[in-house]
Structures are given as structure tokens and as C-alpha cells.
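I have placed the structure first, in the form of C-alpha cells, so that the comments after it can refer back to it.
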Amino acid sequence: MIDRLIDAKGEDRILLLSGGPKSHLAKRSMFAKGMTKRLVITQPDIKPQISHSPLKGETILQHSKIPMNASLQAKTEDGWQVTKIINSKTLDDLLRTLMPHTPKGAVWAGALAYDLLQWTQPIALQYPPKAGEIIAILWLVESWQEHDIIYPELPPSIQVKGEVSSHSDAEHSEIIKSIKKSITAGELYQLNFGRTWEGPLGEDPANIFHRLALNNPSPFSGYIEAADLGIALASSSPEILVETDGRRIMTAPIKGTKPRGSDIDQESLLRRDLVHDKKERAEHRMLVDLERNDLGLVSKPGSVFQSRFDVEAYSNVQHLVSQITGILDETKDGISALQALFPGGSITGCPKTVVCAAIDELERRPRSFWTGSMGWIDLHSGDSMWNIMIRTLEARFTTEGWRGTVVAGGGITIESSPESEVAEATWKAAALRRACGWLKADEKKMVRGNLGIYPLYLEHTRFEPDQLFDLNIAFIDNLDSFSQNIIHAFKSLGCKVDVIDGRGEIPEFTQDAVVIGPGPGRPEISPVTMHATTLDIPILGICLGHQAIGIANGMKLVESHLGPVHGVPSKIIANGTGLLSEGEHMMTRYNSLILQGDSEVLVSATDETGTIPMEICFDNAYGVQFHPESIGSPNGMSVLINFLNRVAHG
């Protein structure tokens, strides 16, 4: 199919390529050209958000949206002509307006820019794209060509000068330090920062994709080009955002990276180091919890679980990869799923809304198509498949020829070493920079290997309750990326759950009990949370909720003297007077701040040092400084069950 792509130069064309050997990932390769209908979405004229610092807890939420601009276009003898203007305030609503223009069996395929998060997240950008900038292109594809992949003879890359980077290594390192400072202050858990390289291209972008497909085969690769718009995208992505097939929904987040080995023994050693690396496992666990949450937005309660856990080895690197699977709610479909999951958590961080705002603050430029998605969707059946456009070249045609942009980065956690993260971003970008002719073949040379998949033991299995509760729970949502996991846990136990915005107006609580959810920052930013601590009904506070109960009863909230802990299963020692039974428990923690000081609050569990309150009780209020719903909390559901038993039986 590479040959067909090369031969179609000058035409609009799409190639979705499953590179490497056939596997549960690499299933189909599809090529299309000659499309006669397309949708082009452009950035409206939006005033930049006022200057603020999400890294310092100043995230500004904005739920009201200016509609995005979209033009439905038809191919004529005179080129592409606009036939309809469409305006919409959400991505899913926009896609649904295309249904009358879509024959049964046809799909819309193309690419979505990361900057579409303006219509999937409740924020506005301080550095939005310029008005009129293309932020999505989709073609109506009524038939695909599916043939064997043929790779024509490939000449060496053409070396060109003029590449520049958005940051020096020193500047990159300082940004990582600022992210870690924000994590220590409790404002976020993890953030993915991207560094940019850009320069002239000495050849057609399709030739560069040809080189990537040969040297860096990946299961979710793709190439699209809109010839008249002067834009081409060449992606060698190993990562899927979402797949929907009937009622089944799946995502497969990648987080945790090591290079390939020079021989089998070194390869095995590096793979073992990856599996047992505390930082990499914590980062991966955090992402799995986040993606379970995002699938929970559109899935049936109790249906979301980790279905695979592997090390996947690609040409130059090997990754930790989980598959998260769910069953779509009867009111949801593949369009709803795209709205809920976009952009992917693996390339933003956690909590998602806050880090999207913080990324904008740090990168100070639109990401454009990098970390957006390429793929297709059947609007009638809801079936879809979208990748995450990492390892992607964005090429734009100018009066001086093609120019390219490459971005690479990584997830920054409290355990990150600035020097190591800078090096990782540089070698992640090396293959693309080499393919573009910006690096010589012997520069930043990396060990290469064949694709491989190495299964690991699952950390999380589906919970099957043996006890149900006919209770109505008020859940206070504090903008966390794990809220849906907690909501699903209570729903799977038979409860009705009313979700209340922690930063909204204070409601009248008539439910049987209140659960104060986790979230970034301090409890005082959530007026509903602080009010809930005064209620005379059973209360369970998780993380930020736990801290709110402590503050309301005279304790102080400070940065932990032992440092932040995020995504790490930790030993909890309980005396049995709270929701935890007496003894030792392993529970996943996500916290930078801790309670301390004397008060009437009973501390019923601590960390293994005995210095940090992990569980507190005060009258009918209980607080836990861990996440019972996490995949790293093997007996966490017992905490929720014990709470519901106390609610049910007074």
C-alpha cells in the first residue's frame, strides 16, 4: 500500500497502516483516495484566556463555549467547494450533524488536532491556535483498498539544515523542575510536557512516512494529506486512543519506557527493569486508573476492567501497555466515547482537566495535531478506531517548500530526573528527526529490534459483588480523574449516585450519605466539600475529602515531610476502629499533602512510619488518604462496603 500512497501524489489520500507482524494490535491496513466529500474544522476567533497559572492552583474553568467552525466540502472539477457551514459547541454534536450526509456503511476518516480539547474539556486556552487554523480534517470514505503492504525501493533521506528546537536542554530541565514543584504542592500528579523540533524538509512527506514505516513499524501508523490545503501528517504511533466495536469499548494506554537491548540478554534485563521500576509502574498505574475513569463516563457500571497487561517491544523502545475494556452504556455510542476520551490521558497527565490547562501554560503554543488522533468512525453503527498521534510528523507546504514539525516528551512525576527526562524526549524524537533528514544516520543511533509482545500478570480484575445496598449516595466531584471509578464502585454495589459539582452551588443534601471525592489542590477551593463536612449524615472523604474532614475539625494540612506519593501501593497499618480491619493493608496513594496536629479526630490508621494519618474518624465521618478504587488497592472495595454497612445499619 505504500506504493499506492506514493503514486497518488497530489491527491487527497489516507493510509491507515498496521505495521509489523499480525497481532491483537495490528489487524488491518486500509488505503483510500478519490474521496468526494470532506469536513474541515477550523479554529474560531477566540480571545485567549486571561493570564493565570494552573501550576499554582489557578485553573480557570469555562463551561460556556464558542462554537467551532466546520465546512462540509464537495470535490468538483474546480476543486473543493463548500456546501454547508456547521457550527457546534462539542465534538460529538458536530459529528452527529454529519449523519444525514453519511450513507450507511461509509465512514469518516482523517485526523483531529489536540487543540479540539477546547470542546472536550471545560477550559479555554491562554495560547489558542490562530483563527482559521485547521484543527481537523475528515473525509467520507465509502470504500477502502485493502492489499498486501508493498514497500518500493527507498533512497536515503535527504539531509537538510535549519532544524531548531523550542527549548534548550537547560530550559527543558527547568520546566521539569517546575512541574515537580507543582506536584509537591498537591496541584497535580503527573504532566506530559512536549518539546518541539522543526525545520525544512528535503522531500515529499509521503517519502518520509515510507521511511518511518520501514524503520519504525507500528500497529497504529497512518498518513493523511490534503493536497490543496498544504498539510500532511505522517504518524508511526504504537498507541490507540479508543476502539468501539458494537457495545464493546477498549483503550490501551502506554506508559513506561525503556530502550531495546543490544542482544537477547540485555533486552531481557531491560524488560525486567521496566516491569520492576517503581517510577514506571506508578506512572502506568496512574494512567490505567485515569483511563478506567474515562471509559466509565460512557460504560455500564461494573463493566470496566484491565483485560491485558503487556510489555510491547517496538523498533527502538519497549513499553508497558494495558488494555482497558468496558461495555458501552445503552445511551452511549462510539461518538460519545470519542468525546469522553479525547485527548488521551497518556499524553496529558492527571488530573486531566488541570494538566491540560497546565500544559498550555508551559508549552505556550498550540500542539496542533501532535497527540491528537488519526482514525475513523462509522456514525451509524458507532464502530470506530482512533490512534494517539505520538511519533508524528506534521508537514506544511510553504512558498519555500515543505516544513516539518516533530514533538516528543514524556510524563513527569515526582520521581522524574530532569536529566533523564530530557534524554528520553531527545531519543524519542531521534527516529523522526533522522527520517526528516535533520539528523545523520549515525547521530543519536539506537539499538533496533523486531516487534514483540510479552504478557504480564494483571494487576486488576473485575469486581463481583456479593452484597448490594439500596442506598442513595451524594458524590461530590472535585475535578479528579478517578471520580468515575469511585462512582462506578458504588453503583456496582447497588447504590444510586447523585454527582454534585464540588465547585458549584451548595445543594440541599437529602441522600443517605455523602462521599467527598478526591481532587487537586486544597479542600478550601471546593465550597461544597467544606459545607459537606458540617452535615449530620454519614460522610466518607477520599483524599481531598479526607483532608477536608481533618481541616474542619482542627487539623492542619501541610506538604508531606516524606514527599509526594502518587500511584504507589503503600503499607497502611490500621487499629480496626475505622473502616479498615485491624492489621496491614496495601492501598494506592495519590497525595502530596497530609494532615497533622492534635484535634478530637481519631486517627485509626497510619502509614508504615506511624507519622502520617491514613484513616480518620469523627462521629459519623470517615476519611481515607488513599484510593480504595485503584487497581493497586487489592482489598479496597472492602472499605466502601464497610462504609455502606454502617450507613445501612446506623
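Just so we're on the same page: first chain in the C-alpha cells is A, next is B, and so on; residues restart at 1 for each chain, and ligands are numbered from 1 in the order they show up.
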Task: Near-segment 233-238 of chain A list (8 Å; only C-alpha atoms; drop same-chain fewer than 3 positions) as a ChimeraX atom specification - done: /A:205-206,208-209,212-213,216-225,387-395
TODO: Give me the residues within 8 Å of Pro200 of chain A as JSON, numbers by chain, counting only C-alpha atoms and dropping any in the same chain fewer than 3 places off.
DONE: {"A": [160, 161, 162, 163, 401, 402, 403, 404]}
Would you export the selected residues with C-alpha atoms as a short mmCIF file (atom, residue, chain, number, x, y, z; two decimals), in the first residue's frame, please?
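Listing of again-v4.cif after writing:
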```
data_model
loop_
_atom_site.label_atom_id
_atom_site.label_comp_id
_atom_site.auth_asym_id
_atom_site.auth_seq_id
_atom_site.Cartn_x
_atom_site.Cartn_y
_atom_site.Cartn_z
CA VAL A 160 18.80 19.36 5.29
CA LYS A 161 19.96 22.07 7.63
CA GLY A 162 17.95 24.60 9.57
CA GLU A 163 16.33 22.46 12.29
CA GLY A 401 8.62 24.04 0.14
CA TRP A 402 7.60 21.60 2.86
CA ARG A 403 8.39 22.37 6.50
CA GLY A 404 8.03 19.83 9.28
#
```
Using 12 Å as the limit and counting only C-alpha atoms, can you tabulate each residue of segment 299-371 of chain A that touches segment 630-639 of chain A, with its shortest atom-to-atom distance in Å and the two atoms involved, as JSON lines?
```
{"residue": "A:Val304", "atom": "CA", "partner": "A:Ile631", "partner_atom": "CA", "distance": 11.5}
{"residue": "A:Phe305", "atom": "CA", "partner": "A:Ile631", "partner_atom": "CA", "distance": 9.1}
{"residue": "A:Gln306", "atom": "CA", "partner": "A:Ile631", "partner_atom": "CA", "distance": 8.6}
{"residue": "A:Ser322", "atom": "CA", "partner": "A:Ile631", "partner_atom": "CA", "distance": 11.8}
{"residue": "A:Ile324", "atom": "CA", "partner": "A:Ile631", "partner_atom": "CA", "distance": 11.5}
```
TODO: Can you work out which one of A:Ala113, A:Glu600, A:Glu559, A:Ile453 has the shortest atom-to-atom distance to Arg367 of chain A, counting only C-alpha atoms?
DONE: A:Ala113
Residues at most 7 Å from segment 116-125 of chain A, counting only C-alpha atoms, excluding those fewer than 3 positions away in the same chain, as a CSV table (one decimal) with C-alpha atoms, in the first residue's frame?
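The resulting file, selection_8.csv, is shown below:
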```csv
chain,number,residue,atom,x,y,z
A,48,PRO,CA,-7.1,33.9,24.8
A,49,GLN,CA,-7.9,33.0,28.4
A,60,ILE,CA,-10.0,28.6,35.4
A,61,LEU,CA,-12.9,26.5,34.4
A,62,GLN,CA,-15.0,27.6,31.4
A,63,HIS,CA,-18.1,25.6,30.5
A,89,LYS,CA,-20.1,23.6,20.8
A,90,THR,CA,-19.0,19.9,21.3
A,91,LEU,CA,-17.2,17.4,19.1
A,113,ALA,CA,-5.9,18.1,16.4
A,128,PRO,CA,-5.1,29.0,21.3
A,135,ILE,CA,-7.8,21.7,13.6
A,339,GLN,CA,-16.0,13.0,23.2
A,342,PHE,CA,-10.2,12.9,23.8
A,343,PRO,CA,-7.4,13.8,24.2
A,353,THR,CA,-8.5,19.0,33.1
A,357,ALA,CA,-4.5,23.8,31.4
A,360,ASP,CA,-1.0,25.2,27.8
```
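Near Gly411 of chain A, within a cut-off of 10 Å and counting only C-alpha atoms, sit the residues Ile176, Gln190, Leu191, Asn192, Phe193, Gly194, Lys255, Gly256, Glu280, Glu283, His284, Ser346, Ile347, Thr348, Gly349, Cys350, Ser416, Glu421 and Ala425 of chain A, with same-chain residues fewer than 5 positions away left out.
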- [ ] List every residue of segment 527-592 of chain A that DSSP, applied to the backbone, labels as strand (DSSP E), and write the result as number ranges by chain.
- [x] A: 539-542, 556-559, 565-574, 583-591
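Residues lying within 10 Å of Arg589 of chain A, counting only C-alpha atoms and ignoring same-chain neighbours fewer than 6 positions away, are Ala282, Met286, Cys543, Pro564, Val565, His566, Gly567, Val568, Pro569, Ser570, Lys571, Met614, Val624, Gln625, Phe626, His627, Pro628, Ser630, Gly632 and Ser633 of chain A.
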Open item on the list: Show me, as a VMD selection string, the residues that have an atom within 10 Å of Arg38 of chain A when counting only C-alpha atoms, minus same-chain residues fewer than 6 positions from it.
Closed with: chain A and resid 12 71 to 75 80 to 82 108 to 110 137 to 141 226
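Here atom CA of Ala358 of chain A is placed at a distance of 9.0 Å from atom CA of Ile179 of chain A.
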- [ ] Name the residues of segment 424-592 of chain A that fall into alpha helix (DSSP H) according to DSSP on the backbone, using the chain letters and numbers of this document, as a ChimeraX atom specification.
- [x] /A:424-435,483-492,527-532,544-552
Task: Selection near Arg522 of chain A, 12 Å with only C-alpha atoms, sequence-local residues under 4 positions removed, as a ChimeraX atom specification - done: /A:56-58,185-188,478-479,518,526-527,529-530,543-551,556-559,591-595
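Candidate residues A:Leu229, A:Ala474, A:Ile542, A:Val311 were compared for distance to Gly452 of chain A, and the nearest is A:Val311, using only C-alpha atoms.
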- [ ] Work out how far atom CA of Thr371 of chain A is from atom CA of Ile66 of chain A, in Å to one decimal.
- [x] 22.8 Å
- [ ] Return the single residue from A:Phe463, A:Tyr590, A:Phe469, A:Tyr114 that is closest to Gly521 of chain A, with distances computed using only C-alpha atoms.
- [x] A:Tyr590
